[in-house]
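Q: So that we are looking at the same thing, I have put the structure below in structure tokens.
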Amino acid sequence: MEISDALSRPPSTTRTLRLFLSHTVSGQAWQTNSMDNDAEKPDFETGEGIAAWQFKLDGRLLEMQRSKGPPSQRKFSTLVKKMMIELERDPTLYPDGNVIEWPRISGPSASNPALDGFTVRRTGDQPTKIRVVLYLEHYPEQFKVHHELASILNISQASRMDCLKALWDYVKINGLQDRADRRTIKLDDSLKYLFNVDAVPFFRLADLANQFLMPVDPIVLNYEIDPSVAPPEKPQGFDVTIQVEDAYLRSKMQSFVTPSRDTTSRINKLDEEIAGLAQSLHNSELKRAFLAEFAENPTEFIQTWLESQSRDLDAILAPSAFDGQSIRTEELRRSEFFRMPWVEEGVSVYHGQKMAGVLSQAQQAAVHGRFGM
């Protein structure tokens with residue numbers, strides 16, 4: 001049951017997102033030897049020979065050591081909620097966009113292409129400073145905790161659920177629940193100053209905590225391009241942390257609640273064995289009660305048993321065996337009565353009905369016993 005509840009809230013884990021920043025240049029003076037009169041002139045229609053540069057931002061999740069499955073196939077763009085790239089250059093010389101935004105489209109009909117990275121191409125031969133602002137897609141959504149509440153709970157960033165859990169732990173550790181009414185929380189001096197109340201009902205804790213949650217700060221990366229020199233051979237790398245769904249743990253938990261075909265077959269076989277054992281136990285109990293009552297008073301037991309069998313036989317076969325006439329007590333005393341042709345058939349029918357009822361009771365007892373444990 002606990003695993004099923006946990007699957008309704010997929011587990012998350014902290015992963016490392018590695019970012020790579022790099023650039024290339026083309027058509028620069030040092031590449032085309034523009035000082036030479038024989039150098040080819042730039043073609044403004046095709047763009048060939050025009051001084052330009054390309055800035056590239058790539059990212060990938062680092063694999064965890066415990067992971068034994070295939071590497072994560074999640075693309076970098078699926079981890080980004082919003083991105084802004086700001087170019088620091090003179091807008092009079094370069095009027096084309098110096099601020100590039102990439103918002104992730106949300107909604108049921110949204111179609112966001114999965115990309116390994118982003119590339120920005122601009123013309124120019126002047127050094128340019130680039131500022132990248134990344135808003136990551138955390139799972140579950142993360143919030144920045146206000147510094148006053150963060151100093152009390154000792155957390156600076158958390159999800160709504162984690163923040164509420166930390167607040168509830170603080171309440172329990174400091175014994176802030178009202179002893180008479182456990183649904184009421186009596187705040188200590190720190191929380192009184194923060195929430196501006198003396199006591200709150202339990203269900204209002206979440207509303208109070210939400211007032212101190214703010215959007216997390218974005219990731220800011222700075223990069224500089226100098227087209228007058230060759231680009232670095234290796235890209236610049238940055239590591240940032242991100243909360244993502246723990247697919248490894250989820251698959252392990254799923255395997256417990258979704259049994260395989262072999263497991264299902266074994267369970268069915270065990271159910272059959274349990275039903276057989278329950279039937280055997282019930283039969284043994286009937287035999288024990290029969291023998292115990294017989295040992296206590298054999299004569300009275302036999303007389304009672306014969307009377308019981310006579311009543312059962314009379315109820316089952318009397319109307320059909322004698323054309324509507326009931327069985328007479330005097331006839332039951334004669335052994336020839338039990339050698340008549342219909343007796344064997346009647347006993348078989350009665351025994352079959354009796355065993356069917358006993359088997360049905362045993363199976364029901366086994367089913368109730370299984371789910372009752």
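We name chains A, B, ... following the order of the structure tokens; residues begin at 1 in each chain, and ligands are numbered from 1 as shown.
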Going by DSSP on the backbone, which residues of range 167-285 of chain A come out as helix (DSSP H, G or I)? List them as a ChimeraX atom specification.
A: /A:167-173,189-195,202-210,247-257,261-285
Q: Show me, as JSON, numbers by chain, the residues that have an atom within 10 Å of Leu167 in chain A when counting only C-alpha atoms, minus same-chain residues fewer than 6 positions from it.
A: {"A": [149, 152, 153, 161, 173, 205, 206, 209]}
Q: At a cut-off of 6 Å, using only C-alpha atoms, what residues contact Thr184 in chain A? Leave out same-chain residues fewer than 4 positions from it and give the result as a PDB file with all heavy atoms, in the first residue's frame.
A:
ATOM      1  N   ASP A 178      -1.622  21.868  20.337  1.00  0.00           N
ATOM      2  CA  ASP A 178      -2.425  22.058  21.538  1.00  0.00           C
ATOM      3  C   ASP A 178      -2.765  20.693  22.122  1.00  0.00           C
ATOM      4  O   ASP A 178      -3.229  19.799  21.413  1.00  0.00           O
ATOM      5  CB  ASP A 178      -3.706  22.821  21.194  1.00  0.00           C
ATOM      6  CG  ASP A 178      -4.432  23.304  22.447  1.00  0.00           C
ATOM      7  OD1 ASP A 178      -4.420  22.579  23.462  1.00  0.00           O
ATOM      8  OD2 ASP A 178      -4.998  24.412  22.405  1.00  0.00           O
ATOM      9  N   VAL A 200      -2.926  28.780  14.982  1.00  0.00           N
ATOM     10  CA  VAL A 200      -3.560  28.537  13.689  1.00  0.00           C
ATOM     11  C   VAL A 200      -4.070  27.099  13.659  1.00  0.00           C
ATOM     12  O   VAL A 200      -3.488  26.212  14.287  1.00  0.00           O
ATOM     13  CB  VAL A 200      -2.575  28.747  12.512  1.00  0.00           C
ATOM     14  CG1 VAL A 200      -2.135  30.195  12.420  1.00  0.00           C
ATOM     15  CG2 VAL A 200      -1.379  27.823  12.630  1.00  0.00           C
ATOM     16  N   PRO A 201      -5.179  26.854  12.940  1.00  0.00           N
ATOM     17  CA  PRO A 201      -5.597  25.452  12.738  1.00  0.00           C
ATOM     18  C   PRO A 201      -4.619  24.749  11.801  1.00  0.00           C
ATOM     19  O   PRO A 201      -3.953  25.381  10.980  1.00  0.00           O
ATOM     20  CB  PRO A 201      -6.987  25.592  12.112  1.00  0.00           C
ATOM     21  CG  PRO A 201      -7.012  26.953  11.493  1.00  0.00           C
ATOM     22  CD  PRO A 201      -6.120  27.812  12.340  1.00  0.00           C
ATOM     23  N   PHE A 202      -4.572  23.439  11.940  1.00  0.00           N
ATOM     24  CA  PHE A 202      -3.591  22.668  11.175  1.00  0.00           C
ATOM     25  C   PHE A 202      -3.735  22.878   9.672  1.00  0.00           C
ATOM     26  O   PHE A 202      -2.746  22.998   8.952  1.00  0.00           O
ATOM     27  CB  PHE A 202      -3.749  21.180  11.521  1.00  0.00           C
ATOM     28  CG  PHE A 202      -2.951  20.271  10.639  1.00  0.00           C
ATOM     29  CD1 PHE A 202      -1.583  20.127  10.820  1.00  0.00           C
ATOM     30  CD2 PHE A 202      -3.553  19.572   9.605  1.00  0.00           C
ATOM     31  CE1 PHE A 202      -0.843  19.299   9.996  1.00  0.00           C
ATOM     32  CE2 PHE A 202      -2.823  18.752   8.777  1.00  0.00           C
ATOM     33  CZ  PHE A 202      -1.457  18.608   8.976  1.00  0.00           C
TER      34      PHE A 202
END
Q: Counting only C-alpha atoms, figure out which residue out of A:Arg104, A:Arg122, A:Arg311, A:Arg160 gets nearest to Pro215 in chain A.
A: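 Checking each of A:Arg104, A:Arg122, A:Arg311, A:Arg160 against Pro215 in chain A, counting only C-alpha atoms, the winner is A:Arg160.
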Q: How would you write, as a list in words, the set of residues in range 52-116 of chain A that DSSP gives as strand (DSSP E)?
A: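 Going through range 52-116 of chain A, the strand (DSSP E) residues come out as Ala52, Trp53, Gln54, Phe55, Lys56, Leu57, Asp58, Gly59, Arg60, Leu61, Val80, Lys81, Lys82, Met83, Met84, Ile85, Glu86, Leu87, Glu88, Val99, Ile100, Glu101, Trp102 and Pro103 of chain A.
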Q: Kindly give the distance, in Å, that separates CA of Ala230 in chain A and CA of Leu21 in chain A, rounded to a single decimal.
A: 15.2 Å
Q: What separation in Å, quoted to one decimal, exists between CA of Pro95 in chain A and CA of Lys129 in chain A?
A: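 Distance reported for this atom pair: 16.0 Å.
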